[in-house]
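Peer 1: Next comes start_37.pdb, PDB, C-alpha atoms, pLDDT in the B column:
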```pdb
ATOM      1  CA  MET K   1     -18.878   5.694  -0.012  1.00 86.00           C
ATOM      2  CA  ILE K   2     -15.998   8.074   0.463  1.00 89.00           C
ATOM      3  CA  GLU K   3     -14.770   9.044  -3.001  1.00 90.00           C
ATOM      4  CA  ALA K   4     -11.164   9.712  -1.925  1.00 90.00           C
ATOM      5  CA  MET K   5     -10.906   6.258  -0.325  1.00 92.00           C
ATOM      6  CA  GLU K   6     -12.446   4.710  -3.441  1.00 94.00           C
ATOM      7  CA  LEU K   7      -9.729   6.311  -5.581  1.00 92.00           C
ATOM      8  CA  LEU K   8      -6.969   5.202  -3.195  1.00 92.00           C
ATOM      9  CA  LEU K   9      -8.254   1.633  -3.126  1.00 94.00           C
ATOM     10  CA  LYS K  10      -8.582   1.504  -6.919  1.00 93.00           C
ATOM     11  CA  HIS K  11      -4.985   2.711  -7.207  1.00 91.00           C
ATOM     12  CA  TRP K  12      -3.884   0.127  -4.627  1.00 92.00           C
ATOM     13  CA  GLY K  13      -5.678  -2.644  -6.527  1.00 92.00           C
ATOM     14  CA  GLU K  14      -4.100  -1.619  -9.816  1.00 91.00           C
ATOM     15  CA  GLN K  15      -0.636  -1.504  -8.250  1.00 88.00           C
ATOM     16  CA  CYS K  16      -1.147  -4.929  -6.672  1.00 87.00           C
ATOM     17  CA  ARG K  17      -2.226  -6.391 -10.012  1.00 85.00           C
ATOM     18  CA  HIS K  18       0.583  -4.871 -12.076  1.00 80.00           C
ATOM     19  CA  GLY K  19       3.486  -4.076  -9.749  1.00 63.00           C
ATOM     20  CA  ASP K  20       4.044  -7.020  -7.453  1.00 54.00           C
ATOM     21  CA  GLU K  21       6.395  -6.588  -4.500  1.00 51.00           C
ATOM     22  CA  ALA K  22       8.534  -9.460  -5.739  1.00 52.00           C
ATOM     23  CA  GLY K  23      10.849  -7.311  -7.781  1.00 53.00           C
ATOM     24  CA  GLY K  24      12.047  -8.321 -11.189  1.00 57.00           C
ATOM     25  CA  LEU K  25      15.257  -6.334 -11.122  1.00 61.00           C
ATOM     26  CA  GLY K  26      18.262  -8.460 -11.987  1.00 67.00           C
ATOM     27  CA  SER K  27      21.280  -8.752  -9.771  1.00 75.00           C
ATOM     28  CA  PRO K  28      24.650  -7.459 -11.021  1.00 78.00           C
ATOM     29  CA  MET K  29      26.048 -11.002 -11.060  1.00 81.00           C
ATOM     30  CA  ALA K  30      23.129 -12.248 -13.158  1.00 80.00           C
ATOM     31  CA  THR K  31      23.713  -9.408 -15.618  1.00 79.00           C
ATOM     32  CA  ILE K  32      27.393 -10.326 -15.921  1.00 83.00           C
ATOM     33  CA  MET K  33      26.487 -13.976 -16.492  1.00 82.00           C
ATOM     34  CA  GLU K  34      23.823 -13.106 -19.062  1.00 81.00           C
ATOM     35  CA  TRP K  35      25.997 -10.774 -21.128  1.00 79.00           C
ATOM     36  CA  GLY K  36      29.329 -12.514 -20.552  1.00 83.00           C
ATOM     37  CA  GLY K  37      30.694  -9.383 -18.932  1.00 81.00           C
ATOM     38  CA  CYS K  38      29.337  -5.899 -18.438  1.00 79.00           C
ATOM     39  CA  ALA K  39      25.987  -5.250 -20.072  1.00 75.00           C
ATOM     40  CA  PRO K  40      25.846  -2.635 -22.815  1.00 74.00           C
ATOM     41  CA  ARG K  41      24.896   0.759 -21.483  1.00 73.00           C
ATOM     42  CA  GLY K  42      22.211   3.064 -22.762  1.00 69.00           C
ATOM     43  CA  THR K  43      22.249   6.811 -22.612  1.00 66.00           C
ATOM     44  CA  PRO K  44      23.973   8.281 -19.555  1.00 68.00           C
ATOM     45  CA  GLY K  45      21.973   9.422 -16.563  1.00 66.00           C
ATOM     46  CA  SER K  46      19.664   7.983 -13.970  1.00 65.00           C
ATOM     47  CA  ARG K  47      16.473   6.103 -14.776  1.00 61.00           C
ATOM     48  CA  ILE K  48      13.135   5.879 -13.042  1.00 58.00           C
ATOM     49  CA  LEU K  49      12.297   2.218 -12.609  1.00 56.00           C
ATOM     50  CA  LEU K  50       8.719   2.033 -13.832  1.00 53.00           C
ATOM     51  CA  GLY K  51       7.150  -1.222 -14.841  1.00 51.00           C
ATOM     52  CA  GLY K  52      10.340  -3.113 -14.126  1.00 54.00           C
ATOM     53  CA  GLY K  53       9.007  -5.121 -11.216  1.00 54.00           C
ATOM     54  CA  ALA K  54      10.066  -2.452  -8.756  1.00 60.00           C
ATOM     55  CA  GLY K  55       6.939  -3.046  -6.695  1.00 63.00           C
ATOM     56  CA  PRO K  56       4.021  -0.833  -5.761  1.00 70.00           C
ATOM     57  CA  ASP K  57       4.508   2.871  -5.184  1.00 79.00           C
ATOM     58  CA  ALA K  58       4.528   4.510  -1.755  1.00 81.00           C
ATOM     59  CA  ILE K  59       0.801   5.305  -1.779  1.00 87.00           C
ATOM     60  CA  ALA K  60      -0.132   1.711  -2.563  1.00 88.00           C
ATOM     61  CA  GLN K  61       2.260   0.458   0.128  1.00 89.00           C
ATOM     62  CA  GLU K  62       0.679   2.779   2.692  1.00 91.00           C
ATOM     63  CA  VAL K  63      -2.829   1.624   1.745  1.00 93.00           C
ATOM     64  CA  GLY K  64      -1.677  -2.004   1.929  1.00 93.00           C
ATOM     65  CA  ALA K  65      -0.172  -1.432   5.374  1.00 93.00           C
ATOM     66  CA  ALA K  66      -3.389   0.243   6.538  1.00 95.00           C
ATOM     67  CA  LEU K  67      -5.475  -2.671   5.237  1.00 96.00           C
ATOM     68  CA  SER K  68      -3.207  -5.110   7.074  1.00 95.00           C
ATOM     69  CA  GLU K  69      -3.657  -3.077  10.238  1.00 95.00           C
ATOM     70  CA  ILE K  70      -7.439  -3.183   9.783  1.00 96.00           C
ATOM     71  CA  ALA K  71      -7.289  -6.974   9.365  1.00 95.00           C
ATOM     72  CA  ARG K  72      -5.314  -7.334  12.607  1.00 95.00           C
ATOM     73  CA  GLN K  73      -7.885  -5.379  14.637  1.00 93.00           C
ATOM     74  CA  ASP K  74     -10.717  -7.924  14.728  1.00 91.00           C
ATOM     75  CA  GLY K  75     -12.749 -10.437  12.721  1.00 90.00           C
ATOM     76  CA  ARG K  76     -14.709  -7.693  11.001  1.00 93.00           C
ATOM     77  CA  GLY K  77     -11.438  -6.137   9.932  1.00 94.00           C
ATOM     78  CA  GLU K  78     -10.388  -9.397   8.289  1.00 95.00           C
ATOM     79  CA  ARG K  79     -13.635  -9.400   6.325  1.00 95.00           C
ATOM     80  CA  LEU K  80     -13.111  -5.787   5.302  1.00 96.00           C
ATOM     81  CA  GLN K  81      -9.607  -6.566   4.054  1.00 96.00           C
ATOM     82  CA  LEU K  82     -10.957  -9.523   2.091  1.00 96.00           C
ATOM     83  CA  LEU K  83     -13.642  -7.234   0.650  1.00 96.00           C
ATOM     84  CA  ALA K  84     -10.931  -4.792  -0.444  1.00 96.00           C
ATOM     85  CA  VAL K  85      -8.955  -7.576  -2.115  1.00 95.00           C
ATOM     86  CA  MET K  86     -12.014  -8.902  -3.944  1.00 95.00           C
ATOM     87  CA  ARG K  87     -13.474  -5.520  -4.929  1.00 96.00           C
ATOM     88  CA  TYR K  88     -10.263  -3.767  -5.978  1.00 95.00           C
ATOM     89  CA  GLY K  89      -7.676  -6.514  -6.451  1.00 92.00           C
ATOM     90  CA  PHE K  90      -9.358  -8.489  -9.228  1.00 91.00           C
ATOM     91  CA  ASP K  91      -9.949  -7.318 -12.776  1.00 86.00           C
ATOM     92  CA  PRO K  92     -12.782  -7.800 -13.496  1.00 90.00           C
ATOM     93  CA  ALA K  93     -14.091  -7.758  -9.957  1.00 90.00           C
ATOM     94  CA  PRO K  94     -16.553 -10.472  -8.936  1.00 93.00           C
ATOM     95  CA  THR K  95     -20.195  -9.450  -8.733  1.00 94.00           C
ATOM     96  CA  TRP K  96     -21.406  -7.942  -5.488  1.00 94.00           C
ATOM     97  CA  ALA K  97     -23.420 -11.114  -4.788  1.00 93.00           C
ATOM     98  CA  ALA K  98     -20.333 -13.316  -5.240  1.00 93.00           C
ATOM     99  CA  GLN K  99     -18.338 -11.032  -2.953  1.00 94.00           C
ATOM    100  CA  MET K 100     -21.047 -11.231  -0.277  1.00 94.00           C
ATOM    101  CA  HIS K 101     -21.040 -15.028  -0.563  1.00 93.00           C
ATOM    102  CA  GLU K 102     -17.233 -15.186  -0.209  1.00 92.00           C
ATOM    103  CA  LEU K 103     -17.419 -12.935   2.844  1.00 92.00           C
ATOM    104  CA  GLY K 104     -19.932 -15.300   4.450  1.00 91.00           C
ATOM    105  CA  TYR K 105     -22.945 -12.989   4.396  1.00 90.00           C
ATOM    106  CA  VAL K 106     -26.314 -14.517   3.597  1.00 89.00           C
ATOM    107  CA  SER K 107     -28.000 -11.183   2.945  1.00 84.00           C
ATOM    108  CA  LYS K 108     -29.040 -10.664  -0.659  1.00 83.00           C
ATOM    109  CA  ALA K 109     -29.594  -6.926  -0.236  1.00 90.00           C
ATOM    110  CA  LYS K 110     -27.354  -4.746  -2.376  1.00 93.00           C
ATOM    111  CA  GLN K 111     -27.543  -1.988   0.247  1.00 95.00           C
ATOM    112  CA  THR K 112     -25.821  -4.305   2.754  1.00 94.00           C
ATOM    113  CA  TYR K 113     -22.927  -4.646   0.313  1.00 95.00           C
ATOM    114  CA  TYR K 114     -22.634  -0.882  -0.093  1.00 95.00           C
ATOM    115  CA  ASP K 115     -22.803  -0.463   3.688  1.00 96.00           C
ATOM    116  CA  LEU K 116     -19.807  -2.824   3.947  1.00 95.00           C
ATOM    117  CA  VAL K 117     -17.920  -0.828   1.317  1.00 96.00           C
ATOM    118  CA  HIS K 118     -18.683   2.381   3.231  1.00 97.00           C
ATOM    119  CA  ARG K 119     -17.500   0.759   6.478  1.00 96.00           C
ATOM    120  CA  LEU K 120     -14.267  -0.255   4.715  1.00 96.00           C
ATOM    121  CA  HIS K 121     -13.768   3.322   3.530  1.00 95.00           C
ATOM    122  CA  VAL K 122     -14.401   4.773   6.999  1.00 96.00           C
ATOM    123  CA  ARG K 123     -12.019   2.331   8.706  1.00 96.00           C
ATOM    124  CA  LEU K 124      -9.354   2.911   6.058  1.00 95.00           C
ATOM    125  CA  PHE K 125      -9.693   6.678   6.466  1.00 94.00           C
ATOM    126  CA  GLU K 126      -9.331   6.360  10.256  1.00 93.00           C
ATOM    127  CA  VAL K 127      -6.266   4.106  10.047  1.00 94.00           C
ATOM    128  CA  LEU K 128      -4.570   6.279   7.421  1.00 92.00           C
ATOM    129  CA  ALA K 129      -5.205   9.346   9.603  1.00 91.00           C
ATOM    130  CA  GLU K 130      -3.739   7.553  12.651  1.00 91.00           C
ATOM    131  CA  ARG K 131      -0.669   6.522  10.649  1.00 88.00           C
ATOM    132  CA  LYS K 132      -0.223  10.101   9.420  1.00 86.00           C
ATOM    133  CA  ASP K 133      -0.501  11.448  12.971  1.00 81.00           C
ATOM    134  CA  ALA K 134       1.995   8.848  14.203  1.00 79.00           C
ATOM    135  CA  ARG K 135       4.515  10.036  11.613  1.00 74.00           C
ATOM    136  CA  LYS K 136       4.160  13.607  12.888  1.00 70.00           C
ATOM    137  CA  TRP K 137       5.643  12.481  16.193  1.00 65.00           C
ATOM    138  CA  LEU K 138       8.660  11.008  14.430  1.00 59.00           C
ATOM    139  CA  THR K 139       9.847  14.333  13.042  1.00 57.00           C
ATOM    140  CA  VAL K 140      10.522  17.633  14.705  1.00 55.00           C
ATOM    141  CA  GLY K 141      10.931  20.923  12.943  1.00 54.00           C
ATOM    142  CA  ARG K 142      14.127  22.818  13.512  1.00 56.00           C
ATOM    143  CA  GLY K 143      14.014  25.785  11.210  1.00 55.00           C
ATOM    144  CA  ALA K 144      12.795  24.838   7.769  1.00 55.00           C
ATOM    145  CA  LEU K 145      14.173  21.294   7.757  1.00 51.00           C
ATOM    146  CA  PRO K 146      12.618  18.465   9.807  1.00 53.00           C
ATOM    147  CA  GLN K 147      14.904  16.076  11.649  1.00 55.00           C
ATOM    148  CA  SER K 148      14.045  12.647  12.909  1.00 55.00           C
ATOM    149  CA  LEU K 149      13.803  12.178  16.656  1.00 51.00           C
ATOM    150  CA  LEU K 150      16.475   9.490  16.440  1.00 51.00           C
ATOM    151  CA  LYS K 151      18.926  11.944  14.908  1.00 56.00           C
ATOM    152  CA  VAL K 152      18.108  14.583  17.532  1.00 53.00           C
ATOM    153  CA  ALA K 153      18.426  12.010  20.335  1.00 53.00           C
ATOM    154  CA  SER K 154      21.784  10.796  19.056  1.00 54.00           C
ATOM    155  CA  LYS K 155      23.107  14.361  18.913  1.00 56.00           C
ATOM    156  CA  LEU K 156      21.862  15.015  22.448  1.00 54.00           C
ATOM    157  CA  ARG K 157      23.609  11.856  23.621  1.00 54.00           C
ATOM    158  CA  GLN K 158      26.884  13.018  22.050  1.00 57.00           C
ATOM    159  CA  VAL K 159      26.646  16.409  23.768  1.00 55.00           C
ATOM    160  CA  GLY K 160      25.599  15.052  27.168  1.00 49.00           C
TER     161      GLY K 160
END
```
Turn this file's structure into structure tokens for me.
Peer 2:
Amino acid sequence: MIEAMELLLKHWGEQCRHGDEAGGLGSPMATIMEWGGCAPRGTPGSRILLGGGAGPDAIAQEVGAALSEIARQDGRGERLQLLAVMRYGFDPAPTWAAQMHELGYVSKAKQTYYDLVHRLHVRLFEVLAERKDARKWLTVGRGALPQSLLKVASKLRQVG
């Protein structure tokens, strides 16, 4: 097992259980209808929307996207994604034997289960590294501030 991937997947599972992507933030029109006009205001200033149905954080979204990419690669990837959902998405998680049964494995060896978890961690690490490297190509450094390639290309088009 790769400890860093274990921590990321536990965080992803917790975010999926508690912060669903279907946001619970009300629309302005619904607020007006509920309060019969403008809603009473609290203290001035901006707020961080935590626990308000704002969805999972950026790390959990990146892990979720990487797991989806793993599932699209092949049949083994689909099983690994299902393993991630069962191992980290449920609280309490099913037993390792129940997870193996759901994945369609007939092996009763606990080491086989841990080999699958390790394979999930390795594949997740590889996909996250590929996604990180792909983002490097989307930004270029000009001085201290990075600019997106689209912004640079649009400026070049204006000049040329």
Peer 1: Using all atoms listed in the file, find the one residue out of K:Val85, K:Trp96, K:Trp35, K:Met5 that sits nearest to Ala109 of chain K.
Peer 2: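 The closest residue to Ala109 of chain K is K:Trp96.
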Peer 1: May I have the residues at most 12 Å from (-11.4, -12.5, 4.5) in the file's coordinates, counting all atoms listed in the file, as a PDB file with C-alpha atoms, keeping the file's coordinate frame?
Peer 2:
```
ATOM      1  CA  LEU K  67      -5.475  -2.671   5.237  1.00 96.00           C
ATOM      2  CA  SER K  68      -3.207  -5.110   7.074  1.00 95.00           C
ATOM      3  CA  ILE K  70      -7.439  -3.183   9.783  1.00 96.00           C
ATOM      4  CA  ALA K  71      -7.289  -6.974   9.365  1.00 95.00           C
ATOM      5  CA  ARG K  72      -5.314  -7.334  12.607  1.00 95.00           C
ATOM      6  CA  ASP K  74     -10.717  -7.924  14.728  1.00 91.00           C
ATOM      7  CA  GLY K  75     -12.749 -10.437  12.721  1.00 90.00           C
ATOM      8  CA  ARG K  76     -14.709  -7.693  11.001  1.00 93.00           C
ATOM      9  CA  GLY K  77     -11.438  -6.137   9.932  1.00 94.00           C
ATOM     10  CA  GLU K  78     -10.388  -9.397   8.289  1.00 95.00           C
ATOM     11  CA  ARG K  79     -13.635  -9.400   6.325  1.00 95.00           C
ATOM     12  CA  LEU K  80     -13.111  -5.787   5.302  1.00 96.00           C
ATOM     13  CA  GLN K  81      -9.607  -6.566   4.054  1.00 96.00           C
ATOM     14  CA  LEU K  82     -10.957  -9.523   2.091  1.00 96.00           C
ATOM     15  CA  LEU K  83     -13.642  -7.234   0.650  1.00 96.00           C
ATOM     16  CA  ALA K  84     -10.931  -4.792  -0.444  1.00 96.00           C
ATOM     17  CA  VAL K  85      -8.955  -7.576  -2.115  1.00 95.00           C
ATOM     18  CA  MET K  86     -12.014  -8.902  -3.944  1.00 95.00           C
ATOM     19  CA  ARG K  87     -13.474  -5.520  -4.929  1.00 96.00           C
ATOM     20  CA  GLN K  99     -18.338 -11.032  -2.953  1.00 94.00           C
ATOM     21  CA  MET K 100     -21.047 -11.231  -0.277  1.00 94.00           C
ATOM     22  CA  HIS K 101     -21.040 -15.028  -0.563  1.00 93.00           C
ATOM     23  CA  GLU K 102     -17.233 -15.186  -0.209  1.00 92.00           C
ATOM     24  CA  LEU K 103     -17.419 -12.935   2.844  1.00 92.00           C
ATOM     25  CA  GLY K 104     -19.932 -15.300   4.450  1.00 91.00           C
ATOM     26  CA  TYR K 105     -22.945 -12.989   4.396  1.00 90.00           C
TER      27      TYR K 105
END
```
Peer 1: What separation in Å, quoted to one decimal, exists between atom CA of Gly64 of chain K and atom CA of Tyr113 of chain K?
Peer 2: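 Those two atoms sit 21.5 Å apart.
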Peer 1: Name all residues at most 12 Å from Asp91 of chain K (count only C-alpha atoms; drop same-chain ones fewer than 4 positions away) and give them as a PyMOL selection string.
Peer 2: chain K and resi 10+13-18+85-87+95
Peer 1: I want to know what sits within 10 Å of Phe125 of chain K, based on all atoms listed in the file, with residues of the same chain fewer than 3 positions away left out; could you give that as a list in words?
Peer 2: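 The contact residues come out as Ile2, Ala4, Met5, Val63, Ala66, Arg119, Leu120, His121, Val122, Leu128, Ala129, Glu130 and Arg131 of chain K.
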Peer 1: Interatomic distance between atom CA of Lys108 of chain K and atom CA of Arg123 of chain K?
Peer 2: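 Taking atom CA of Lys108 of chain K and atom CA of Arg123 of chain K, their separation equals 23.4 Å.
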Peer 1: One decimal, Å: what's the distance from atom CA of Val127 of chain K over to atom CA of Thr112 of chain K, could you say?
Peer 2: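 Atom CA of Thr112 of chain K lies 22.5 Å from atom CA of Val127 of chain K.
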Peer 1: Grab segment 75-101 of chain K from that structure and dump N, CA and C atoms to a file, as a PDB file, in the first residue's frame.
Peer 2:
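See decode-v5.pdb below for the written result:
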```
ATOM      1  N   GLY K  75     -11.221  -3.222 -18.233  1.00  0.00           N
ATOM      2  CA  GLY K  75     -12.084  -3.914 -17.279  1.00  0.00           C
ATOM      3  C   GLY K  75     -11.489  -3.967 -15.884  1.00  0.00           C
ATOM      4  N   ARG K  76     -10.183  -4.122 -15.807  1.00  0.00           N
ATOM      5  CA  ARG K  76      -9.530  -4.124 -14.493  1.00  0.00           C
ATOM      6  C   ARG K  76      -9.680  -2.768 -13.819  1.00  0.00           C
ATOM      7  N   GLY K  77      -9.622  -1.719 -14.631  1.00  0.00           N
ATOM      8  CA  GLY K  77      -9.793  -0.380 -14.077  1.00  0.00           C
ATOM      9  C   GLY K  77     -11.177  -0.181 -13.484  1.00  0.00           C
ATOM     10  N   GLU K  78     -12.193  -0.755 -14.135  1.00  0.00           N
ATOM     11  CA  GLU K  78     -13.549  -0.666 -13.590  1.00  0.00           C
ATOM     12  C   GLU K  78     -13.629  -1.342 -12.231  1.00  0.00           C
ATOM     13  N   ARG K  79     -12.973  -2.503 -12.124  1.00  0.00           N
ATOM     14  CA  ARG K  79     -12.953  -3.207 -10.835  1.00  0.00           C
ATOM     15  C   ARG K  79     -12.215  -2.397  -9.775  1.00  0.00           C
ATOM     16  N   LEU K  80     -11.127  -1.749 -10.176  1.00  0.00           N
ATOM     17  CA  LEU K  80     -10.372  -0.955  -9.210  1.00  0.00           C
ATOM     18  C   LEU K  80     -11.189   0.244  -8.732  1.00  0.00           C
ATOM     19  N   GLN K  81     -11.948   0.857  -9.639  1.00  0.00           N
ATOM     20  CA  GLN K  81     -12.799   1.969  -9.226  1.00  0.00           C
ATOM     21  C   GLN K  81     -13.882   1.478  -8.268  1.00  0.00           C
ATOM     22  N   LEU K  82     -14.465   0.327  -8.571  1.00  0.00           N
ATOM     23  CA  LEU K  82     -15.478  -0.238  -7.686  1.00  0.00           C
ATOM     24  C   LEU K  82     -14.874  -0.567  -6.319  1.00  0.00           C
ATOM     25  N   LEU K  83     -13.641  -1.072  -6.318  1.00  0.00           N
ATOM     26  CA  LEU K  83     -12.947  -1.334  -5.057  1.00  0.00           C
ATOM     27  C   LEU K  83     -12.782  -0.042  -4.262  1.00  0.00           C
ATOM     28  N   ALA K  84     -12.406   1.036  -4.940  1.00  0.00           N
ATOM     29  CA  ALA K  84     -12.239   2.322  -4.256  1.00  0.00           C
ATOM     30  C   ALA K  84     -13.561   2.791  -3.655  1.00  0.00           C
ATOM     31  N   VAL K  85     -14.638   2.643  -4.403  1.00  0.00           N
ATOM     32  CA  VAL K  85     -15.949   3.067  -3.899  1.00  0.00           C
ATOM     33  C   VAL K  85     -16.344   2.242  -2.680  1.00  0.00           C
ATOM     34  N   MET K  86     -16.128   0.923  -2.747  1.00  0.00           N
ATOM     35  CA  MET K  86     -16.521   0.073  -1.626  1.00  0.00           C
ATOM     36  C   MET K  86     -15.615   0.267  -0.415  1.00  0.00           C
ATOM     37  N   ARG K  87     -14.314   0.378  -0.639  1.00  0.00           N
ATOM     38  CA  ARG K  87     -13.367   0.473   0.479  1.00  0.00           C
ATOM     39  C   ARG K  87     -13.412   1.838   1.162  1.00  0.00           C
ATOM     40  N   TYR K  88     -13.541   2.908   0.371  1.00  0.00           N
ATOM     41  CA  TYR K  88     -13.431   4.250   0.938  1.00  0.00           C
ATOM     42  C   TYR K  88     -14.752   5.016   0.950  1.00  0.00           C
ATOM     43  N   GLY K  89     -15.710   4.601   0.143  1.00  0.00           N
ATOM     44  CA  GLY K  89     -16.949   5.359   0.014  1.00  0.00           C
ATOM     45  C   GLY K  89     -18.015   5.011   1.026  1.00  0.00           C
ATOM     46  N   PHE K  90     -17.913   3.848   1.656  1.00  0.00           N
ATOM     47  CA  PHE K  90     -18.922   3.432   2.629  1.00  0.00           C
ATOM     48  C   PHE K  90     -18.370   3.568   4.042  1.00  0.00           C
ATOM     49  N   ASP K  91     -19.254   3.926   4.968  1.00  0.00           N
ATOM     50  CA  ASP K  91     -18.851   4.005   6.368  1.00  0.00           C
ATOM     51  C   ASP K  91     -19.909   3.313   7.198  1.00  0.00           C
ATOM     52  N   PRO K  92     -19.663   2.173   7.751  1.00  0.00           N
ATOM     53  CA  PRO K  92     -18.417   1.415   7.737  1.00  0.00           C
ATOM     54  C   PRO K  92     -18.252   0.662   6.422  1.00  0.00           C
ATOM     55  N   ALA K  93     -17.022   0.433   6.073  1.00  0.00           N
ATOM     56  CA  ALA K  93     -16.715  -0.280   4.826  1.00  0.00           C
ATOM     57  C   ALA K  93     -17.078  -1.755   4.980  1.00  0.00           C
ATOM     58  N   PRO K  94     -17.524  -2.388   3.898  1.00  0.00           N
ATOM     59  CA  PRO K  94     -17.777  -3.827   3.960  1.00  0.00           C
ATOM     60  C   PRO K  94     -16.480  -4.578   4.270  1.00  0.00           C
ATOM     61  N   THR K  95     -16.615  -5.790   4.747  1.00  0.00           N
ATOM     62  CA  THR K  95     -15.432  -6.597   5.044  1.00  0.00           C
ATOM     63  C   THR K  95     -14.668  -6.874   3.759  1.00  0.00           C
ATOM     64  N   TRP K  96     -13.411  -7.231   3.900  1.00  0.00           N
ATOM     65  CA  TRP K  96     -12.599  -7.497   2.712  1.00  0.00           C
ATOM     66  C   TRP K  96     -13.177  -8.665   1.926  1.00  0.00           C
ATOM     67  N   ALA K  97     -13.757  -9.655   2.615  1.00  0.00           N
ATOM     68  CA  ALA K  97     -14.334 -10.808   1.912  1.00  0.00           C
ATOM     69  C   ALA K  97     -15.564 -10.384   1.106  1.00  0.00           C
ATOM     70  N   ALA K  98     -16.387  -9.508   1.671  1.00  0.00           N
ATOM     71  CA  ALA K  98     -17.567  -9.017   0.950  1.00  0.00           C
ATOM     72  C   ALA K  98     -17.152  -8.183  -0.257  1.00  0.00           C
ATOM     73  N   GLN K  99     -16.098  -7.395  -0.107  1.00  0.00           N
ATOM     74  CA  GLN K  99     -15.609  -6.599  -1.228  1.00  0.00           C
ATOM     75  C   GLN K  99     -15.096  -7.504  -2.342  1.00  0.00           C
ATOM     76  N   MET K 100     -14.367  -8.553  -1.977  1.00  0.00           N
ATOM     77  CA  MET K 100     -13.862  -9.493  -2.991  1.00  0.00           C
ATOM     78  C   MET K 100     -15.026 -10.165  -3.718  1.00  0.00           C
ATOM     79  N   HIS K 101     -16.068 -10.521  -2.978  1.00  0.00           N
ATOM     80  CA  HIS K 101     -17.235 -11.154  -3.592  1.00  0.00           C
ATOM     81  C   HIS K 101     -17.920 -10.196  -4.566  1.00  0.00           C
TER      82      HIS K 101
END
```
